[in-house]
>>> print(open('final_28.cif').read())   # mmCIF, C-alpha atoms and all ligand atoms
data_upload
loop_
_atom_site.label_atom_id
_atom_site.label_comp_id
_atom_site.auth_asym_id
_atom_site.auth_seq_id
_atom_site.Cartn_x
_atom_site.Cartn_y
_atom_site.Cartn_z
CA MET A 240 23.19 3.05 0.14
CA THR A 241 19.64 4.23 0.66
CA MET A 242 17.26 2.85 -1.86
CA GLN A 243 13.70 3.99 -2.11
CA ASN A 244 11.11 2.53 -4.32
CA ASN A 245 7.41 2.46 -4.82
CA MET A 246 6.90 -0.91 -3.14
CA LYS A 247 6.28 -0.89 0.59
CA ARG A 248 5.60 -3.65 3.09
CA GLN A 249 2.51 -2.19 4.70
CA ASN A 250 0.78 -3.30 7.90
CA ILE A 251 -2.95 -3.75 7.44
CA ARG A 252 -5.57 -4.42 10.08
CA CYS A 253 -8.52 -6.65 9.27
CA TRP A 254 -11.78 -4.78 9.87
CA LYS A 255 -13.43 -7.97 11.10
CA CYS A 256 -11.01 -10.02 13.24
CA LYS A 257 -8.65 -7.06 14.02
CA GLU A 258 -5.55 -9.13 13.25
CA LEU A 259 -2.57 -7.39 11.67
CA PHE A 260 -0.84 -8.68 8.58
CA SER A 261 1.60 -7.19 6.12
CA LEU A 262 1.38 -6.90 2.38
CA LEU A 263 3.77 -5.59 -0.24
CA ILE A 264 1.87 -2.84 -2.03
CA ASP A 265 2.60 -0.32 -4.75
CA ILE A 266 2.25 3.04 -2.98
CA SER A 267 2.52 4.96 -6.25
CA GLY A 268 -0.33 3.08 -7.87
CA GLU A 269 -4.00 2.36 -7.49
CA PRO A 270 -5.08 3.36 -3.94
CA THR A 271 -7.99 0.95 -3.74
CA LEU A 272 -7.27 -2.75 -3.29
CA THR A 273 -9.51 -5.66 -2.44
CA LEU A 274 -7.89 -8.61 -0.71
CA THR A 275 -8.59 -11.45 1.67
CA CYS A 276 -7.61 -11.56 5.33
CA PRO A 277 -5.03 -14.35 5.85
CA TYR A 278 -6.42 -14.99 9.35
CA CYS A 279 -10.18 -15.20 8.93
CA GLY A 280 -10.59 -15.27 5.14
CA THR A 281 -12.87 -12.25 5.08
CA PRO A 282 -12.79 -10.01 2.00
CA LEU A 283 -11.56 -6.54 2.82
CA THR A 284 -10.87 -3.31 1.04
CA ILE A 285 -8.10 -0.82 1.64
CA ASN A 286 -8.28 2.69 0.26
CA PHE A 287 -5.36 5.00 0.93
CA ALA A 288 -6.42 7.81 -1.42
CA ALA A 289 -7.12 10.08 1.56
CA ASN A 290 -3.52 9.92 2.79
CA PRO A 291 -0.99 12.67 2.03
CA ARG A 292 1.36 12.21 -0.87
CA LYS A 293 5.07 12.88 -1.14
CA ASP A 294 7.72 12.83 -3.83
CA ILE A 295 10.57 10.34 -3.55
CA VAL A 296 13.63 9.72 -5.67
CA VAL A 297 13.73 6.27 -7.19
CA MET A 298 17.21 4.99 -7.90
CA ARG A 299 17.58 3.01 -11.06
CA GLN A 300 20.28 0.61 -12.02
CA ALA A 301 23.16 2.00 -14.02
CA ASP A 302 22.05 0.52 -17.30
CA GLN A 303 18.52 1.87 -16.98
CA GLY A 304 19.28 5.57 -17.09
CA ASP A 305 18.90 8.31 -14.52
CA SER A 306 17.05 8.21 -11.26
CA LYS A 307 13.63 9.77 -11.28
CA VAL A 308 11.16 11.40 -8.92
CA ILE A 309 7.81 9.75 -8.40
CA THR A 310 4.85 10.61 -6.18
CA VAL A 311 3.81 8.04 -3.59
CA TYR A 312 1.30 7.89 -0.76
CA ASP A 313 2.71 8.59 2.70
CA LEU A 314 0.97 5.86 4.68
CA PRO A 315 0.60 5.40 8.44
CA GLU A 316 2.24 2.49 10.28
CA ILE A 317 -1.05 0.60 10.27
CA LEU A 318 -3.62 0.95 7.54
CA GLU A 319 -7.20 0.19 8.52
CA SER A 320 -9.32 -1.88 6.17
CA THR A 321 -13.05 -1.80 5.59
CA GLU A 322 -15.75 -4.18 4.47
CA PRO A 323 -15.92 -4.24 0.67
CA LYS A 324 -18.89 -2.40 -0.76
CA VAL A 325 -21.20 -4.53 -2.83
CA ASN A 326 -21.79 -2.97 -6.21
CA GLN A 327 -25.47 -2.76 -7.08
ZN ZN A 401 -9.54 -11.13 9.52
#
>>> encode(input="final_28.cif", output="structure tokens")
Amino acid sequence: MTMQNNMKRQNIRCWKCKELFSLLIDISGEPTLTLTCPYCGTPLTINFAANPRKDIVVMRQADQGDSKVITVYDLPEILESTEPKVNQ
């Protein structure tokens, strides 16, 4: 059975040390996330708002009603991160 959902294990590249790590993210939610590189500890920001979006069918369990269509971001294999902007 093919199950799709809004959580995706996404590869992210640290802007500073260039190491790759993966993170489970909600690709239907907030496109801007601030996190910390697990390799060098540097704060980094990912913003996938510029990526195309697509509709997927989310299967629900039998006791939770019908399946539904949600819109998610269609992300590349590797998402580049950037240095977080300092506010004011
Ligand atoms: Zn790093």
>>> atom_distance(input="final_28.cif", atom1="CA of Ser306 (chain A)", atom2="CA of Ile285 (chain A)")
29.7 Å
>>> closest_residue(input="final_28.cif", among="A:Cys256, A:Pro315, A:Asn250, A:Ala288", to="Thr271 (chain A)", atoms="all atoms listed in the file")
A:Ala288
>>> closest_residue(input="final_28.cif", among="A:Ile266, A:Cys279, A:Pro291, A:Phe260", to="ligand ZN 401 (chain A)", atoms="all atoms listed in the file")
A:Cys279
>>> residues_near_ligand(input="final_28.cif", ligand="ligand ZN 401 (chain A)", cutoff="12 Å", atoms="all atoms listed in the file", output="PyMOL selection string")
chain A and resi 251-260+274-284+319-322
>>> write_last_selection(input="final_28.cif", atoms="C-alpha atoms", output="PDB file, keeping the file's coordinate frame")
ATOM      1  CA  ILE A 251      -2.950  -3.750   7.440  1.00  0.00           C
ATOM      2  CA  ARG A 252      -5.570  -4.420  10.080  1.00  0.00           C
ATOM      3  CA  CYS A 253      -8.520  -6.650   9.270  1.00  0.00           C
ATOM      4  CA  TRP A 254     -11.780  -4.780   9.870  1.00  0.00           C
ATOM      5  CA  LYS A 255     -13.430  -7.970  11.100  1.00  0.00           C
ATOM      6  CA  CYS A 256     -11.010 -10.020  13.240  1.00  0.00           C
ATOM      7  CA  LYS A 257      -8.650  -7.060  14.020  1.00  0.00           C
ATOM      8  CA  GLU A 258      -5.550  -9.130  13.250  1.00  0.00           C
ATOM      9  CA  LEU A 259      -2.570  -7.390  11.670  1.00  0.00           C
ATOM     10  CA  PHE A 260      -0.840  -8.680   8.580  1.00  0.00           C
ATOM     11  CA  LEU A 274      -7.890  -8.610  -0.710  1.00  0.00           C
ATOM     12  CA  THR A 275      -8.590 -11.450   1.670  1.00  0.00           C
ATOM     13  CA  CYS A 276      -7.610 -11.560   5.330  1.00  0.00           C
ATOM     14  CA  PRO A 277      -5.030 -14.350   5.850  1.00  0.00           C
ATOM     15  CA  TYR A 278      -6.420 -14.990   9.350  1.00  0.00           C
ATOM     16  CA  CYS A 279     -10.180 -15.200   8.930  1.00  0.00           C
ATOM     17  CA  GLY A 280     -10.590 -15.270   5.140  1.00  0.00           C
ATOM     18  CA  THR A 281     -12.870 -12.250   5.080  1.00  0.00           C
ATOM     19  CA  PRO A 282     -12.790 -10.010   2.000  1.00  0.00           C
ATOM     20  CA  LEU A 283     -11.560  -6.540   2.820  1.00  0.00           C
ATOM     21  CA  THR A 284     -10.870  -3.310   1.040  1.00  0.00           C
ATOM     22  CA  GLU A 319      -7.200   0.190   8.520  1.00  0.00           C
ATOM     23  CA  SER A 320      -9.320  -1.880   6.170  1.00  0.00           C
ATOM     24  CA  THR A 321     -13.050  -1.800   5.590  1.00  0.00           C
ATOM     25  CA  GLU A 322     -15.750  -4.180   4.470  1.00  0.00           C
TER      26      GLU A 322
END
>>> atom_distance(input="final_28.cif", atom1="CA of Asn244 (chain A)", atom2="CA of Pro323 (chain A)")
28.3 Å
>>> residues_around(input="final_28.cif", residues="Phe287 (chain A)", least_positions_apart="6", cutoff="8 Å", atoms="all atoms listed in the file", output="ChimeraX atom specification")
/A:270-271,312,314,318
>>> atom_distance(input="final_28.cif", atom1="CA of Leu263 (chain A)", atom2="CA of Asp313 (chain A)")
14.5 Å
>>> closest_residue(input="final_28.cif", among="A:Ser261, A:Glu269, A:Ala289, A:Asp305", to="Asn245 (chain A)", atoms="all atoms listed in the file")
A:Glu269
